[in-house]
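Next comes work-v8.cif, with mmCIF, C-alpha atoms.
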```cif
data_query
#
loop_
_atom_site.label_atom_id
_atom_site.label_comp_id
_atom_site.auth_asym_id
_atom_site.auth_seq_id
_atom_site.Cartn_x
_atom_site.Cartn_y
_atom_site.Cartn_z
CA MET A 8 7.78 -42.85 -3.14
CA VAL A 9 8.50 -39.17 -2.63
CA ARG A 10 6.69 -36.38 -4.34
CA PRO A 11 8.56 -33.32 -5.60
CA PRO A 12 8.64 -30.29 -3.32
CA LEU A 13 5.80 -27.90 -3.96
CA PRO A 14 6.21 -24.15 -4.01
CA PRO A 15 4.90 -22.49 -0.86
CA LEU A 16 1.28 -21.51 -0.97
CA GLU A 17 0.88 -17.83 -1.62
CA THR A 18 -2.43 -16.09 -1.31
CA ARG A 19 -3.53 -12.69 -2.57
CA PHE A 20 -3.44 -11.51 1.03
CA ASP A 21 0.20 -12.65 1.35
CA ARG A 22 1.20 -10.81 -1.84
CA PHE A 23 -0.72 -7.70 -0.78
CA ASP A 24 0.83 -7.74 2.70
CA LEU A 25 4.35 -8.20 1.29
CA THR A 26 3.89 -5.33 -1.18
CA VAL A 27 2.58 -2.99 1.54
CA GLY A 28 5.41 -3.99 3.87
CA THR A 29 8.10 -3.44 1.25
CA ALA A 30 6.77 -0.01 0.25
CA ALA A 31 6.34 0.98 3.90
CA GLU A 32 9.92 -0.01 4.74
CA PHE A 33 11.20 2.08 1.84
CA LEU A 34 9.19 5.09 3.04
CA ARG A 35 10.29 4.64 6.67
CA SER A 36 13.93 4.55 5.60
CA ALA A 37 13.53 7.66 3.46
CA TRP A 38 11.37 9.79 5.78
CA GLU A 39 12.17 10.21 9.45
CA GLU A 40 8.59 11.36 10.12
CA LEU A 41 7.36 7.87 9.13
CA ARG A 42 9.79 5.79 11.20
CA ASP A 43 7.32 5.29 14.06
CA VAL A 44 4.26 4.93 11.86
CA GLY A 45 2.70 1.49 11.66
CA PHE A 46 1.38 0.37 8.29
CA GLU A 47 -1.39 -2.19 8.73
CA VAL A 48 -3.57 -4.19 6.36
CA ALA A 49 -7.28 -4.82 6.93
CA ASP A 50 -9.83 -6.39 4.61
CA MET A 51 -12.55 -3.72 4.56
CA PRO A 52 -13.36 -0.42 6.26
CA ALA A 53 -16.14 -0.50 8.83
CA GLU A 54 -18.22 1.89 6.77
CA SER A 55 -18.11 4.02 3.66
CA ASP A 56 -17.87 7.79 3.72
CA THR A 57 -19.33 10.55 1.57
CA GLU A 58 -16.69 9.91 -1.12
CA GLY A 59 -17.39 6.17 -1.33
CA ILE A 60 -15.40 3.27 0.07
CA PRO A 61 -12.07 4.44 1.50
CA ARG A 62 -8.87 2.74 0.42
CA TRP A 63 -7.00 3.63 3.62
CA LEU A 64 -7.40 5.14 7.08
CA ILE A 65 -5.04 7.74 8.54
CA ASP A 66 -4.72 7.69 12.34
CA ARG A 67 -2.21 10.38 13.31
CA LYS A 68 -2.89 10.05 17.05
CA GLY A 69 -2.23 6.31 16.89
CA HIS A 70 0.70 6.77 14.47
CA ARG A 71 -0.70 4.31 11.97
CA VAL A 72 -1.95 3.93 8.44
CA VAL A 73 -4.42 1.16 7.65
CA LEU A 74 -4.72 0.01 4.03
CA TYR A 75 -7.90 -1.81 3.03
CA ARG A 76 -7.06 -4.75 0.79
CA ILE A 77 -10.43 -5.51 -0.81
CA PRO A 78 -11.26 -1.97 -2.02
CA ILE A 79 -7.72 -1.49 -3.32
CA GLU A 80 -7.72 -4.81 -5.17
CA ARG A 81 -11.29 -4.82 -6.45
CA LEU A 82 -12.10 -1.16 -7.11
CA SER A 83 -8.87 -0.18 -8.85
CA ARG A 84 -9.12 0.48 -12.56
CA LEU A 85 -6.03 -1.13 -14.01
CA HIS A 86 -5.36 -0.67 -17.70
CA ARG A 87 -3.63 -4.06 -17.70
CA VAL A 88 -4.58 -6.76 -15.22
CA ASP A 89 -1.38 -8.57 -14.31
CA ASP A 90 0.84 -9.01 -11.26
CA LEU A 91 3.08 -6.03 -12.06
CA HIS A 92 0.22 -3.56 -12.43
CA ARG A 93 -1.50 -4.89 -9.30
CA ARG A 94 1.74 -4.38 -7.34
CA VAL A 95 2.20 -0.86 -8.71
CA GLU A 96 -1.39 0.02 -7.73
CA ILE A 97 -0.84 -1.24 -4.18
CA GLU A 98 2.45 0.66 -3.88
CA SER A 99 0.73 3.77 -5.21
CA CYS A 100 -1.89 3.50 -2.47
CA VAL A 101 0.83 3.13 0.18
CA PHE A 102 2.59 6.25 -1.13
CA ARG A 103 -0.65 8.25 -1.35
CA ALA A 104 -1.68 7.21 2.17
CA ALA A 105 1.77 8.08 3.56
CA ALA A 106 1.65 11.43 1.75
CA GLU A 107 -1.76 12.16 3.26
CA TYR A 108 -0.39 11.24 6.69
CA LEU A 109 2.47 13.71 6.21
CA GLY A 110 0.41 16.38 4.46
CA ARG A 111 2.59 16.21 1.35
CA ASP A 112 2.22 15.40 -2.32
CA PRO A 113 2.85 11.68 -3.09
CA TRP A 114 5.50 12.63 -5.66
CA ASP A 115 7.51 14.27 -2.87
CA LEU A 116 7.99 10.89 -1.21
CA GLY A 117 9.80 9.20 -4.08
CA PRO A 118 13.53 8.96 -4.62
CA GLU A 119 15.42 12.21 -5.02
CA ARG A 120 15.42 11.99 -8.80
CA PHE A 121 11.62 12.30 -8.82
CA ARG A 122 11.43 15.30 -6.50
CA PHE A 123 11.15 18.82 -7.85
#
```

The structure given in the file should be rewritten as structure tokens.
Amino acid sequence: MVRPPLPPLETRFDRFDLTVGTAAEFLRSAWEELRDVGFEVADMPAESDTEGIPRWLIDRKGHRVVLYRIPIERLSRLHRVDDLHRRVEIESCVFRAAAEYLGRDPWDLGPERFRF
């Protein structure tokens, strides 16, 4: 007796990591200043700051951006809770973190048709 193949197990962490990686690769290919920047995923920041719980950490000396999965997933205010809107929120955080790293507006990082 053989059971049918099961789809691979996919966790929220796996989906989050894949979304961050895909957005980061797009940004690295579009912006030379980001080619050597590492985009990492961590569960939670070590501590909160005066503005609350940070969603990401910018480390310019270490050439890295750390995105915190739990605050991004749990503290986001989605108007529709589904996979698409979760993915868009994660990508938005990657773009905003990259923009902060570069000292630019997040809209400047999008494809040419979105730039002013």

Do a neighbour search on range 63-78 of chain A at 7 Å with all atoms listed in the file, toss out local chain neighbours closer than 6 positions, and write the hits as a short mmCIF file (atom, residue, chain, number, x, y, z; two decimals) with C-alpha atoms, in the coordinates of the input.
```
data_model
loop_
_atom_site.label_atom_id
_atom_site.label_comp_id
_atom_site.auth_asym_id
_atom_site.auth_seq_id
_atom_site.Cartn_x
_atom_site.Cartn_y
_atom_site.Cartn_z
CA ASP A 43 7.32 5.29 14.06
CA VAL A 44 4.26 4.93 11.86
CA GLY A 45 2.70 1.49 11.66
CA PHE A 46 1.38 0.37 8.29
CA GLU A 47 -1.39 -2.19 8.73
CA VAL A 48 -3.57 -4.19 6.36
CA ALA A 49 -7.28 -4.82 6.93
CA ASP A 50 -9.83 -6.39 4.61
CA MET A 51 -12.55 -3.72 4.56
CA PRO A 52 -13.36 -0.42 6.26
CA ALA A 104 -1.68 7.21 2.17
CA TYR A 108 -0.39 11.24 6.69
#
```

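Minimum distance to Ala106 in chain A across A:Glu54, A:Asp21, A:Glu32, A:Glu40 (counting only C-alpha atoms) occurs at A:Glu40.
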
Name all residues at most 10 Å from Leu85 in chain A (count only C-alpha atoms; drop same-chain ones fewer than 6 positions away) and give them as a list in words.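 Everything that qualifies: His92, Arg93, Val95 and Glu96 of chain A.
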
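Note that the spacing between CA of Asp112 in chain A and CA of Leu91 in chain A amounts to 23.6 Å.
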
What are the centre and the three edge lengths of an axis-aligned box that wraps all atoms of range 50-68 of chain A in the file, given that 6 Å is added to every side, written as AutoDock Vina command-line options and rounded to one decimal in Å?
```
--center_x -10.8 --center_y 2.1 --center_z 7.9 --size_x 29.1 --size_y 28.9 --size_z 30.4
```

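Here CA of Leu109 in chain A and CA of Ala31 in chain A stand 13.5 Å from one another.
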
Can you give me, as a list in words, the residues this file yields under the PyMOL selection byres ((chain A and resi 22) around 12)?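 With the PyMOL selection byres ((chain A and resi 22) around 12) on this model, the match is Leu16, Glu17, Thr18, Arg19, Phe20, Asp21, Phe23, Asp24, Leu25, Thr26, Val27, Gly28, Thr29, Val48, Arg76, Glu80, Asp90, Leu91, Arg93, Arg94, Ile97 and Glu98 of chain A.
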
Quick one: distance from CA of Pro61 in chain A to CA of Ile79 in chain A in Å, one decimal?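 Those two atoms sit 8.8 Å apart.
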
Could you tell me which residues the PyMOL selection byres ((chain A and resi 34) around 10) returns for this structure, as a ChimeraX atom specification? /A:28-33,35-42,101-102,105-106,116-118

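Using all atoms listed in the file, the smallest distance between any of A:Leu82, A:Ser99, A:Asp56, A:Arg62 and Trp114 in chain A comes from A:Ser99.
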